[in-house]
$ cat input.txt   # compact mmCIF, C-alpha atoms
# COMPACT_ATOMS: atom_id res chain seq x y z
CA MET M 1 43.33 27.31 17.30
CA LYS M 2 43.07 26.91 21.07
CA PRO M 3 42.65 23.41 22.52
CA ILE M 4 39.14 22.65 23.78
CA ASN M 5 37.61 19.94 25.94
CA LYS M 6 36.92 16.89 23.76
CA ALA M 7 34.04 15.45 25.78
CA ALA M 8 32.18 18.79 25.69
CA LEU M 9 32.68 19.05 21.93
CA LEU M 10 31.45 15.50 21.29
CA ASN M 11 28.48 16.10 23.53
CA ARG M 12 27.53 19.25 21.65
CA LEU M 13 27.85 17.48 18.30
CA GLU M 14 25.84 14.51 19.56
CA GLU M 15 23.01 16.81 20.59
CA ARG M 16 22.98 18.40 17.18
CA VAL M 17 22.85 15.04 15.39
CA GLU M 18 20.11 13.90 17.78
CA GLN M 19 18.11 16.99 16.81
CA HIS M 20 18.63 16.23 13.09
CA ILE M 21 17.36 12.67 13.56
CA ARG M 22 14.40 13.91 15.54
CA GLU M 23 13.45 16.28 12.72
CA ALA M 24 13.82 13.60 10.07
CA VAL M 25 11.75 11.15 12.14
CA SER M 26 8.99 13.51 13.23
CA ILE M 27 8.75 15.54 9.99
CA PHE M 28 10.51 14.37 6.85
CA GLN M 29 9.71 10.66 6.90
CA ASN M 30 5.99 11.42 7.30
CA LEU M 31 5.63 13.84 4.40
CA PRO M 32 3.88 12.75 1.21
CA VAL M 33 6.12 12.01 -1.77
CA SER M 34 4.80 15.02 -3.70
CA ILE M 35 6.04 17.40 -1.00
CA LEU M 36 9.39 15.64 -0.57
CA LEU M 37 10.02 16.01 -4.30
CA ARG M 38 8.59 19.49 -4.80
CA PRO M 39 11.28 22.00 -5.84
CA ALA M 40 11.69 25.03 -3.58
CA GLU M 41 9.68 28.13 -4.46
CA ASN M 42 12.83 29.83 -5.74
CA GLY M 43 13.55 26.87 -7.99
CA GLY M 44 16.07 25.42 -5.51
CA TRP M 45 16.40 21.84 -4.29
CA SER M 46 13.49 19.78 -3.01
CA ILE M 47 13.61 18.29 0.50
CA ALA M 48 14.66 14.93 -0.97
CA GLN M 49 17.44 16.62 -2.94
CA CYS M 50 18.76 18.39 0.17
CA LEU M 51 18.93 15.07 2.04
CA ASP M 52 20.37 13.21 -0.95
CA HIS M 53 23.12 15.82 -1.15
CA LEU M 54 23.94 15.14 2.52
CA ASN M 55 23.83 11.36 1.95
CA GLY M 56 26.45 11.81 -0.77
CA TYR M 57 28.83 13.32 1.80
CA GLY M 58 28.04 10.52 4.24
CA ASN M 59 28.75 7.90 1.56
CA TYR M 60 32.17 9.41 1.07
CA TYR M 61 33.15 10.25 4.66
CA PHE M 62 31.57 7.53 6.80
CA PRO M 63 33.63 4.58 5.53
CA LEU M 64 36.77 6.71 6.02
CA ILE M 65 35.72 7.68 9.55
CA LYS M 66 34.99 4.04 10.36
CA ASN M 67 38.37 3.04 9.00
CA GLY M 68 40.08 5.78 10.96
CA LEU M 69 38.42 4.66 14.20
CA ASP M 70 39.07 0.94 13.50
CA ASN M 71 42.78 1.51 12.85
CA HIS M 72 43.12 3.79 15.83
CA LYS M 73 42.92 0.97 18.38
CA GLY M 74 45.76 1.01 20.83
CA TYR M 75 46.47 4.73 20.55
CA PRO M 76 45.95 6.63 23.77
CA SER M 77 42.78 8.71 24.06
CA LYS M 78 43.16 12.45 24.62
CA SER M 79 40.91 14.74 26.65
CA THR M 80 41.45 17.83 24.48
CA PHE M 81 41.07 18.65 20.82
CA ARG M 82 42.59 21.41 18.72
CA SER M 83 40.90 22.58 15.49
CA SER M 84 43.18 23.33 12.55
CA TRP M 85 42.94 26.73 10.90
CA LEU M 86 41.58 25.15 7.70
CA GLY M 87 39.13 22.85 9.49
CA ASN M 88 37.74 25.79 11.42
CA TYR M 89 37.45 27.79 8.21
CA PHE M 90 35.46 25.01 6.49
CA THR M 91 33.15 24.56 9.46
CA ARG M 92 32.44 28.29 9.73
CA MET M 93 31.77 28.48 6.02
CA MET M 94 29.25 25.59 6.21
CA ASP M 95 27.51 26.50 9.45
CA PRO M 96 24.38 28.51 8.61
CA GLU M 97 25.06 30.70 11.69
CA THR M 98 28.50 31.85 10.51
CA GLY M 99 28.44 31.21 6.74
CA LYS M 100 25.59 33.29 5.40
CA LYS M 101 26.78 33.28 1.81
CA LYS M 102 24.94 31.08 -0.66
CA MET M 103 27.25 28.46 -2.13
CA LYS M 104 27.18 26.34 -5.21
CA ALA M 105 27.47 22.59 -4.74
CA PHE M 106 30.55 20.89 -6.12
CA LYS M 107 29.85 18.97 -9.25
CA ASN M 108 30.10 15.51 -7.69
CA HIS M 109 27.63 16.60 -5.02
CA ILE M 110 24.70 17.82 -7.13
CA PRO M 111 21.65 15.65 -6.40
CA SER M 112 19.51 14.14 -9.13
CA SER M 113 15.92 15.37 -9.48
CA GLN M 114 14.74 11.77 -10.03
CA LEU M 115 14.83 10.39 -6.53
CA ASP M 116 13.08 7.65 -4.59
CA ALA M 117 12.06 10.07 -1.85
CA TYR M 118 11.46 7.61 1.01
CA THR M 119 14.64 5.69 0.31
CA VAL M 120 16.55 8.98 0.52
CA VAL M 121 14.95 9.90 3.87
CA ALA M 122 15.52 6.39 5.27
CA GLU M 123 19.14 6.48 4.15
CA PHE M 124 19.60 9.86 5.79
CA ILE M 125 18.25 8.57 9.12
CA GLN M 126 20.40 5.45 8.87
CA GLN M 127 23.49 7.59 8.28
CA GLN M 128 22.73 9.87 11.22
CA GLU M 129 22.36 6.85 13.49
CA ALA M 130 25.77 5.71 12.24
CA LEU M 131 27.18 9.18 12.90
CA LEU M 132 25.94 9.04 16.52
CA HIS M 133 27.73 5.72 16.86
CA PHE M 134 30.98 7.20 15.50
CA LEU M 135 30.76 10.14 17.92
CA LYS M 136 30.39 7.67 20.74
CA ARG M 137 33.41 5.66 19.61
CA ALA M 138 35.41 8.88 19.27
CA GLU M 139 35.24 9.30 23.06
CA LEU M 140 38.07 6.76 23.19
CA ALA M 141 40.11 8.26 20.34
CA ASP M 142 42.50 11.14 19.75
CA LEU M 143 40.55 13.44 17.42
CA ASN M 144 43.74 15.10 16.18
CA LYS M 145 45.52 11.86 15.28
CA ILE M 146 42.97 10.43 12.83
CA ARG M 147 43.24 12.27 9.50
CA ILE M 148 40.82 12.10 6.60
CA PRO M 149 41.14 13.43 3.01
CA VAL M 150 38.38 15.92 2.11
CA SER M 151 35.96 14.92 -0.65
CA ILE M 152 36.51 17.92 -2.92
CA ALA M 153 40.32 17.96 -2.73
CA LYS M 154 41.73 14.62 -1.64
CA PHE M 155 45.27 15.97 -1.19
CA ILE M 156 43.96 18.01 1.77
CA LYS M 157 43.56 16.06 4.99
CA LEU M 158 41.52 17.21 7.98
CA ASN M 159 41.62 15.70 11.45
CA LEU M 160 38.59 13.72 12.64
CA GLY M 161 37.39 16.46 15.03
CA ASP M 162 37.25 18.96 12.19
CA VAL M 163 35.59 16.43 9.88
CA PHE M 164 32.84 15.81 12.48
CA GLN M 165 32.29 19.53 12.96
CA PHE M 166 32.29 20.27 9.27
CA ILE M 167 29.86 17.45 8.35
CA ILE M 168 27.43 18.30 11.12
CA ALA M 169 27.48 22.03 10.29
CA HIS M 170 26.87 21.10 6.65
CA ASN M 171 23.95 18.86 7.71
CA GLU M 172 22.50 21.73 9.72
CA ARG M 173 22.74 24.03 6.71
CA HIS M 174 20.77 21.76 4.38
CA ILE M 175 18.25 20.63 6.98
CA GLN M 176 17.38 24.28 7.50
CA GLN M 177 17.10 24.63 3.74
CA ALA M 178 14.81 21.56 3.58
CA LYS M 179 12.65 22.92 6.39
CA ARG M 180 12.21 26.23 4.54
CA ASN M 181 10.52 24.18 1.79
CA ILE M 182 7.83 23.06 4.19
CA LYS M 183 7.10 26.55 5.43
CA GLY M 184 4.25 28.03 3.50
CA ILE M 185 2.75 24.65 2.83
CA GLU M 186 -0.34 24.48 4.94
CA LYS M 187 -0.09 22.50 8.13
CA SER M 188 -3.01 20.28 7.22
CA GLU M 189 -1.19 19.29 4.07
CA THR M 190 1.92 18.12 5.83
CA LYS M 191 0.08 15.99 8.32
CA TYR M 192 0.13 12.27 7.85
CA GLY M 193 -3.07 10.93 6.39
CA ARG M 194 -3.39 12.99 3.24
CA ARG M 195 -3.88 10.84 0.19
CA GLU M 196 -1.07 11.31 -2.29
CA GLN M 197 0.01 9.57 -5.41
CA VAL M 198 2.75 7.07 -4.78
CA ASN M 199 5.84 7.68 -6.78
CA GLY M 200 7.36 4.46 -8.10
CA MET E 201 11.71 10.10 41.61
CA GLN E 202 8.51 10.12 43.64
CA GLN E 203 6.50 11.01 40.56
CA SER E 204 8.17 8.25 38.53
CA LEU E 205 7.40 5.72 41.24
CA GLU E 206 3.80 6.85 41.15
CA HIS E 207 3.66 5.65 37.51
CA ILE E 208 4.83 2.20 38.58
CA ARG E 209 2.36 2.18 41.41
CA ASN E 210 -0.53 2.99 39.05
CA LEU E 211 0.44 0.19 36.70
CA VAL E 212 1.00 -2.32 39.49
CA GLN E 213 -2.32 -1.52 41.12
CA ALA E 214 -4.05 -2.05 37.78
CA ILE E 215 -2.40 -5.46 37.32
CA HIS E 216 -2.94 -6.75 40.85
CA PRO E 217 -3.42 -4.53 43.93
CA LEU E 218 -0.74 -4.67 46.65
CA THR E 219 -1.03 -3.84 50.33
CA GLU E 220 0.75 -0.74 51.64
CA THR E 221 3.55 -2.85 53.18
CA GLU E 222 4.07 -4.75 49.94
CA TRP E 223 4.24 -1.53 47.97
CA GLN E 224 6.76 -0.06 50.42
CA GLY E 225 8.96 -3.11 49.80
CA LEU E 226 8.61 -2.83 46.04
CA GLU E 227 9.17 0.90 45.69
CA ARG E 228 12.57 0.66 47.37
CA ILE E 229 14.28 -1.44 44.69
CA TRP E 230 14.23 1.03 41.76
CA THR E 231 17.08 3.23 40.44
CA PRO E 232 16.79 5.84 37.65
CA VAL E 233 18.95 5.39 34.50
CA ASN E 234 19.15 7.34 31.23
CA TYR E 235 20.27 6.27 27.77
CA LYS E 236 20.73 8.06 24.47
CA ARG E 237 19.42 6.93 21.08
CA LYS E 238 20.56 3.51 19.83
CA GLU E 239 22.23 2.36 23.02
CA ILE E 240 22.23 -1.28 24.01
CA LEU E 241 20.93 -2.17 27.47
CA THR E 242 21.09 -5.95 27.15
CA ARG E 243 23.17 -8.01 24.70
CA ALA E 244 22.45 -11.44 23.28
CA GLY E 245 24.37 -14.04 25.29
CA GLU E 246 24.21 -12.00 28.50
CA LYS E 247 21.86 -12.49 31.41
CA GLU E 248 19.10 -9.95 31.88
CA LYS E 249 19.97 -8.44 35.24
CA TYR E 250 17.19 -5.89 35.55
CA LEU E 251 13.51 -5.38 35.15
CA TYR E 252 13.02 -1.97 33.52
CA PHE E 253 10.15 0.45 33.83
CA VAL E 254 10.02 2.87 30.88
CA LEU E 255 9.56 6.55 31.73
CA GLU E 256 10.55 8.06 28.40
CA GLY E 257 11.40 6.99 24.83
CA ILE E 258 10.79 3.89 22.73
CA GLN E 259 12.90 0.73 22.85
CA ARG E 260 12.87 -2.64 21.16
CA VAL E 261 13.76 -6.24 21.85
CA VAL E 262 15.52 -7.43 18.70
CA TYR E 263 16.99 -10.66 17.37
CA TYR E 264 19.97 -10.69 14.97
CA ASP E 265 20.97 -13.85 13.13
CA GLU E 266 24.42 -14.73 11.85
CA LYS E 267 23.54 -13.42 8.38
CA GLY E 268 22.80 -9.97 9.75
CA ARG E 269 19.03 -10.32 9.45
CA GLU E 270 17.05 -8.80 12.27
CA ALA E 271 13.64 -9.38 13.79
CA THR E 272 12.03 -6.72 15.96
CA ILE E 273 10.15 -8.76 18.55
CA VAL E 274 8.50 -6.09 20.64
CA PHE E 275 8.53 -2.35 21.29
CA THR E 276 8.40 -0.93 24.80
CA TYR E 277 7.00 2.48 25.72
CA PRO E 278 6.19 4.62 28.76
CA TYR E 279 4.68 3.68 31.19
CA SER E 280 5.22 -0.03 31.02
CA PHE E 281 7.77 -2.67 31.96
CA GLY E 282 10.65 -3.46 29.62
CA GLY E 283 13.64 -5.74 29.17
CA VAL E 284 14.08 -9.27 27.87
CA LEU E 285 11.46 -10.89 30.05
CA ASP E 286 12.15 -14.58 29.39
CA ALA E 287 15.88 -14.20 30.09
CA LEU E 288 15.01 -12.16 33.18
CA MET E 289 12.59 -14.65 34.71
CA GLN E 290 14.69 -17.72 33.87
CA GLN E 291 18.06 -16.04 34.47
CA THR E 292 19.41 -17.65 31.31
CA PRO E 293 21.48 -15.91 28.58
CA SER E 294 19.31 -13.66 26.43
CA MET E 295 18.70 -14.54 22.78
CA TYR E 296 17.92 -10.90 22.11
CA PHE E 297 19.25 -7.38 22.39
CA TYR E 298 17.31 -4.71 24.24
CA GLU E 299 18.09 -1.30 22.70
CA THR E 300 16.79 2.26 22.72
CA LEU E 301 15.29 3.68 19.51
CA SER E 302 15.08 7.20 20.92
CA PRO E 303 16.62 8.90 23.98
CA SER E 304 15.14 7.05 26.94
CA SER E 305 14.84 7.10 30.69
CA PHE E 306 13.95 4.23 32.98
CA LEU E 307 13.68 3.00 36.49
CA ARG E 308 15.31 -0.38 36.87
CA ALA E 309 15.24 -3.02 39.57
CA PRO E 310 17.81 -5.84 40.02
CA PHE E 311 16.18 -9.21 39.47
CA PHE E 312 17.48 -10.73 42.71
CA LYS E 313 15.70 -8.04 44.74
CA LEU E 314 12.47 -8.55 42.83
CA GLU E 315 12.75 -12.32 43.27
CA GLU E 316 13.25 -11.90 46.99
CA LEU E 317 10.06 -9.83 47.22
CA MET E 318 8.19 -12.43 45.18
CA TYR E 319 9.12 -15.09 47.78
CA ILE E 320 8.09 -12.93 50.72
CA HIS E 321 4.88 -11.38 49.40
CA ALA E 322 2.21 -13.49 47.74
CA ASN E 323 0.61 -10.47 46.10
CA ILE E 324 3.86 -9.39 44.44
CA ASN E 325 4.26 -12.91 43.11
CA THR E 326 0.71 -12.83 41.75
CA MET E 327 1.21 -9.37 40.27
CA ILE E 328 4.30 -10.57 38.37
CA ARG E 329 2.50 -13.71 37.19
CA LYS E 330 -0.43 -11.67 35.93
CA GLY E 331 1.89 -9.17 34.25
CA ILE E 332 3.83 -11.91 32.47
CA THR E 333 0.61 -13.61 31.42
CA ALA E 334 -0.69 -10.38 29.90
CA ALA E 335 2.60 -10.01 28.04
CA LEU E 336 2.30 -13.59 26.76
CA SER E 337 -1.21 -12.83 25.61
CA GLY E 338 0.08 -9.83 23.67
CA VAL E 339 2.79 -11.94 22.03
CA LEU E 340 0.27 -14.62 20.96
CA GLU E 341 -2.04 -12.02 19.52
CA ARG E 342 0.80 -10.50 17.55
CA LEU E 343 1.88 -13.91 16.28
CA THR E 344 -1.63 -14.46 14.97
CA GLU E 345 -1.61 -11.11 13.21
CA LEU E 346 1.79 -11.76 11.67
CA GLN E 347 0.56 -15.02 10.14
CA CYS E 348 -2.95 -14.02 9.07
CA PHE E 349 -3.03 -10.33 8.28
CA SER E 350 -2.14 -8.61 5.03
CA SER E 351 0.48 -5.84 5.13
CA GLU E 352 -2.22 -3.21 5.04
CA GLU E 353 -4.17 -4.82 7.90
CA LYS E 354 -1.02 -5.04 10.02
CA PHE E 355 -0.24 -1.42 9.28
CA ARG E 356 -3.75 -0.28 10.24
CA LYS E 357 -3.71 -2.33 13.42
CA LEU E 358 -0.37 -0.82 14.46
CA LEU E 359 -1.68 2.69 13.96
CA GLN E 360 -4.88 1.95 15.85
CA ARG E 361 -2.87 0.69 18.77
CA SER E 362 -0.14 3.36 18.68
CA PRO E 363 -1.22 6.29 16.50
CA HIS E 364 1.80 8.50 17.29
CA ILE E 365 4.49 5.95 16.61
CA LEU E 366 5.01 7.12 13.01
CA GLN E 367 6.40 10.41 14.28
CA MET E 368 8.49 8.84 17.03
CA ILE E 369 10.85 6.29 15.52
CA PRO E 370 12.40 5.65 12.10
CA HIS E 371 9.94 3.79 9.86
CA LYS E 372 12.44 1.01 9.13
CA TYR E 373 11.91 -0.35 12.64
CA LEU E 374 8.14 -0.32 12.20
CA ALA E 375 8.42 -2.11 8.83
CA ASN E 376 10.70 -4.69 10.44
CA TYR E 377 8.29 -5.18 13.35
CA LEU E 378 5.44 -5.83 10.94
CA GLY E 379 7.59 -8.06 8.75
CA ILE E 380 7.02 -5.96 5.63
CA ASP E 381 9.45 -4.48 3.14
CA PRO E 382 10.43 -0.85 3.91
CA SER E 383 9.40 0.24 0.40
CA ASN E 384 5.96 -1.33 0.93
CA PHE E 385 5.74 0.49 4.21
CA SER E 386 6.25 3.86 2.49
CA LYS E 387 3.57 3.00 -0.06
CA LEU E 388 1.17 2.28 2.79
CA ILE E 389 1.95 5.65 4.35
CA ASN E 390 0.93 7.32 1.14
CA SER E 391 -2.13 5.23 0.41
CA VAL E 392 -3.76 4.25 3.69
CA ARG E 393 -6.07 6.76 5.26
CA ILE E 394 -6.71 6.16 8.93

$ encode --input "input.txt" --output "structure tokens"
Amino acid sequence: MKPINKAALLNRLEERVEQHIREAVSIFQNLPVSILLRPAENGGWSIAQCLDHLNGYGNYYFPLIKNGLDNHKGYPSKSTFRSSWLGNYFTRMMDPETGKKKMKAFKNHIPSSQLDAYTVVAEFIQQQEALLHFLKRAELADLNKIRIPVSIAKFIKLNLGDVFQFIIAHNERHIQQAKRNIKGIEKSETKYGRREQVNG
Amino acid sequence: MQQSLEHIRNLVQAIHPLTETEWQGLERIWTPVNYKRKEILTRAGEKEKYLYFVLEGIQRVVYYDEKGREATIVFTYPYSFGGVLDALMQQTPSMYFYETLSPSSFLRAPFFKLEELMYIHANINTMIRKGITAALSGVLERLTELQCFSSEEKFRKLLQRSPHILQMIPHKYLANYLGIDPSNFSKLINSVRI
């Protein structure tokens, strides 16, 4: 793939993560438990399950990203980044704009239906704040030099730039899915203030 | 910029009116700055160099101890002053961090310029004194609430004072500010009708 400007890429990714946090803060964290746990109309995942699925990826990747950035000290920064063919393929497959096909989750990434909904949402927000922090630190790193094994096939390694792009495209995919669950539910129902049974 | 300064002017006039000359001195010392989410403006151990005026976003003054525990001391919002006020006025190292909780924009003024104006203009000095006193009053009121109120009362009071805050920042910061467990906070969201 052609080299691209690193700062512009990080900026674009940062804006996307910022948007994801904004949606979680303004919408998801204020929904009643019953809506967060309600399965989709087509029998698909609830909002909490979508976010829990994403948290699972964060739990795997974020310690590796942190490690990669920590051990990168002393390496020169680089102003460009070049996607690998495979990294680009994964990102395009995950991004809801380019990967229209419905996919099945890998078996280690299937969320439970018994979830503590608010803990899941809070964890998601916490992870996205951490992701913003990593993107900021990456300004001083060489995105091609740090390499991270992918969760579903650890013998394959992707560079940090591709991992960022892939994770954030994957987040976008499931946040859109979660938001489709709210559609159809009346606005008055989603507003804070409705009395709901507390789960657990 | 002119519009932003107008917000300061409105607040200042409400605290303690200045003459036109005094205002012209004061309006000259501000510079616009922008920060993203979760950026640190002031660190513990550093001096507070600026007085901030919040134009956009929510921020907090927060204390971290050596065990990683944190205490959210105060939130700042538009259109009000922000920063670590005690470290600013005393020019001593701050005990706290001042950080953004959402993308934020400010006007900021270097303390030495503000101090100079306080020496020259009696009304600016009085305005600052009154502003600090009002802030102290807010802190004492909050201290009372923290010690006397139940979790539910604190939650209701917060929402009375700032009804939109639930949609603006992650709930963990609100729970921390009120000194209640995050899981209790989510139960309150489900059970308390405002």

$ interface_residues --input "input.txt" --of "chain E" --to "chain M" --cutoff "8 Å" --atoms "only C-alpha atoms" --output "compact mmCIF listing (two decimals) with C-alpha atoms, in the frame of the given file"
# COMPACT_ATOMS: atom_id res chain seq x y z
CA ARG E 237 19.42 6.93 21.08
CA LYS E 238 20.56 3.51 19.83
CA LEU E 366 5.01 7.12 13.01
CA GLN E 367 6.40 10.41 14.28
CA MET E 368 8.49 8.84 17.03
CA ILE E 369 10.85 6.29 15.52
CA PRO E 370 12.40 5.65 12.10
CA HIS E 371 9.94 3.79 9.86
CA LYS E 372 12.44 1.01 9.13
CA SER E 383 9.40 0.24 0.40
CA SER E 386 6.25 3.86 2.49
CA LYS E 387 3.57 3.00 -0.06
CA ILE E 389 1.95 5.65 4.35
CA ASN E 390 0.93 7.32 1.14
CA SER E 391 -2.13 5.23 0.41
CA VAL E 392 -3.76 4.25 3.69
CA ARG E 393 -6.07 6.76 5.26
CA ILE E 394 -6.71 6.16 8.93

$ atom_distance --input "input.txt" --atom1 "atom CA of Tyr377 of chain E" --atom2 "atom CA of Ser305 of chain E"
22.2 Å

$ closest_residue --input "input.txt" --among "M:His20, M:His170, M:Arg180, M:Lys107" --to "Thr91 of chain M" --atoms "all atoms listed in the file"
M:His170

$ atom_distance --input "input.txt" --atom1 "atom CA of Asp286 of chain E" --atom2 "atom CA of Arg260 of chain E"
14.5 Å

$ axis_aligned_box --input "input.txt" --around "segment 295-313 of chain E" --padding-each-side "6 Å" --output "lines of an AutoDock Vina configuration file"
center_x = 16.5
center_y = -2.8
center_z = 32.1
size_x = 17.6
size_y = 35.4
size_z = 37.2

$ atom_distance --input "input.txt" --atom1 "atom CA of Asp70 of chain M" --atom2 "atom CA of Asn108 of chain M"
27.2 Å

$ closest_residue --input "input.txt" --among "M:Lys179, M:Arg147, M:Arg173, M:Lys101" --to "Asn67 of chain M" --atoms "all atoms listed in the file"
M:Arg147

$ residues_around --input "input.txt" --residues "Ile229 of chain E" --least-positions-apart "3" --cutoff "8 Å" --atoms "only C-alpha atoms" --output "list in words"
Gly225, Leu226, Arg308, Ala309, Pro310, Lys313 and Leu314 of chain E

$ closest_residue --input "input.txt" --among "E:Leu378, E:Leu288, E:Leu218, E:Ile320" --to "Lys247 of chain E" --atoms "only C-alpha atoms"
E:Leu288

$ residues_around --input "input.txt" --residues "segment 242-245 of chain E" --least-positions-apart "6" --cutoff "8 Å" --atoms "only C-alpha atoms" --output "PDB file with C-alpha atoms, in the coordinates of the input"
ATOM      1  CA  GLY E 283      13.640  -5.740  29.170  1.00  0.00           C
ATOM      2  CA  VAL E 284      14.080  -9.270  27.870  1.00  0.00           C
ATOM      3  CA  PRO E 293      21.480 -15.910  28.580  1.00  0.00           C
ATOM      4  CA  SER E 294      19.310 -13.660  26.430  1.00  0.00           C
ATOM      5  CA  MET E 295      18.700 -14.540  22.780  1.00  0.00           C
ATOM      6  CA  TYR E 296      17.920 -10.900  22.110  1.00  0.00           C
ATOM      7  CA  PHE E 297      19.250  -7.380  22.390  1.00  0.00           C
ATOM      8  CA  TYR E 298      17.310  -4.710  24.240  1.00  0.00           C
ATOM      9  CA  GLU E 299      18.090  -1.300  22.700  1.00  0.00           C
TER      10      GLU E 299
END

$ residues_around --input "input.txt" --residues "Glu139 of chain M" --least-positions-apart "6" --cutoff "10 Å" --atoms "all atoms listed in the file" --output "VMD selection string"
chain M and resid 6 to 7 10 to 11 77 to 79

$ closest_residue --input "input.txt" --among "M:Leu86, M:Met103, M:Ala178, M:Leu140" --to "Ile156 of chain M" --atoms "all atoms listed in the file"
M:Leu86

$ residues_near_point --input "input.txt" --point "(12.1, 0.2, 33.3)" --cutoff "8 Å" --atoms "only C-alpha atoms" --output "PyMOL selection string"
chain E and resi 251-255+280-283+305-309

$ residues_around --input "input.txt" --residues "Thr80 of chain M" --least-positions-apart "2" --cutoff "10 Å" --atoms "only C-alpha atoms" --output "number ranges by chain"
M: 2-9, 77-78, 82, 142-144

$ closest_residue --input "input.txt" --among "M:Leu51, M:Leu13, M:Lys145, M:Gly99" --to "His72 of chain M" --atoms "all atoms listed in the file"
M:Lys145

$ decode --input "input.txt" --residues "segment 274-286 of chain E" --atoms "N, CA and C atoms" --output "mmCIF file, in the first residue's frame"
data_model
loop_
_atom_site.group_PDB
_atom_site.id
_atom_site.type_symbol
_atom_site.label_atom_id
_atom_site.label_comp_id
_atom_site.auth_asym_id
_atom_site.auth_seq_id
_atom_site.Cartn_x
_atom_site.Cartn_y
_atom_site.Cartn_z
ATOM 1 N N VAL E 274 -13.857 19.291 41.924
ATOM 2 C CA VAL E 274 -14.822 20.245 41.363
ATOM 3 C C VAL E 274 -14.877 20.079 39.845
ATOM 4 N N PHE E 275 -16.050 20.308 39.271
ATOM 5 C CA PHE E 275 -16.177 20.367 37.815
ATOM 6 C C PHE E 275 -16.193 21.825 37.393
ATOM 7 N N THR E 276 -15.690 22.112 36.198
ATOM 8 C CA THR E 276 -15.854 23.469 35.673
ATOM 9 C C THR E 276 -16.566 23.397 34.324
ATOM 10 N N TYR E 277 -17.384 24.392 34.062
ATOM 11 C CA TYR E 277 -18.218 24.423 32.856
ATOM 12 C C TYR E 277 -18.164 25.805 32.222
ATOM 13 N N PRO E 278 -18.733 25.930 30.986
ATOM 14 C CA PRO E 278 -18.913 27.267 30.415
ATOM 15 C C PRO E 278 -20.021 27.980 31.180
ATOM 16 N N TYR E 279 -20.105 29.151 31.272
ATOM 17 C CA TYR E 279 -19.098 30.174 31.154
ATOM 18 C C TYR E 279 -18.673 30.551 32.561
ATOM 19 N N SER E 280 -17.604 29.941 33.007
ATOM 20 C CA SER E 280 -17.122 30.271 34.339
ATOM 21 C C SER E 280 -15.602 30.143 34.345
ATOM 22 N N PHE E 281 -14.996 30.577 35.462
ATOM 23 C CA PHE E 281 -13.545 30.494 35.571
ATOM 24 C C PHE E 281 -13.129 29.083 35.950
ATOM 25 N N GLY E 282 -11.933 28.693 35.555
ATOM 26 C CA GLY E 282 -11.435 27.362 35.880
ATOM 27 C C GLY E 282 -9.947 27.381 36.165
ATOM 28 N N GLY E 283 -9.450 26.223 36.632
ATOM 29 C CA GLY E 283 -8.043 26.102 37.005
ATOM 30 C C GLY E 283 -7.965 25.704 38.469
ATOM 31 N N VAL E 284 -6.737 25.508 38.944
ATOM 32 C CA VAL E 284 -6.564 25.173 40.359
ATOM 33 C C VAL E 284 -6.378 26.493 41.100
ATOM 34 N N LEU E 285 -7.477 26.978 41.678
ATOM 35 C CA LEU E 285 -7.485 28.358 42.166
ATOM 36 C C LEU E 285 -6.548 28.622 43.335
ATOM 37 N N ASP E 286 -6.411 27.661 44.255
ATOM 38 C CA ASP E 286 -5.532 27.939 45.409
ATOM 39 C C ASP E 286 -4.071 28.030 44.961
#
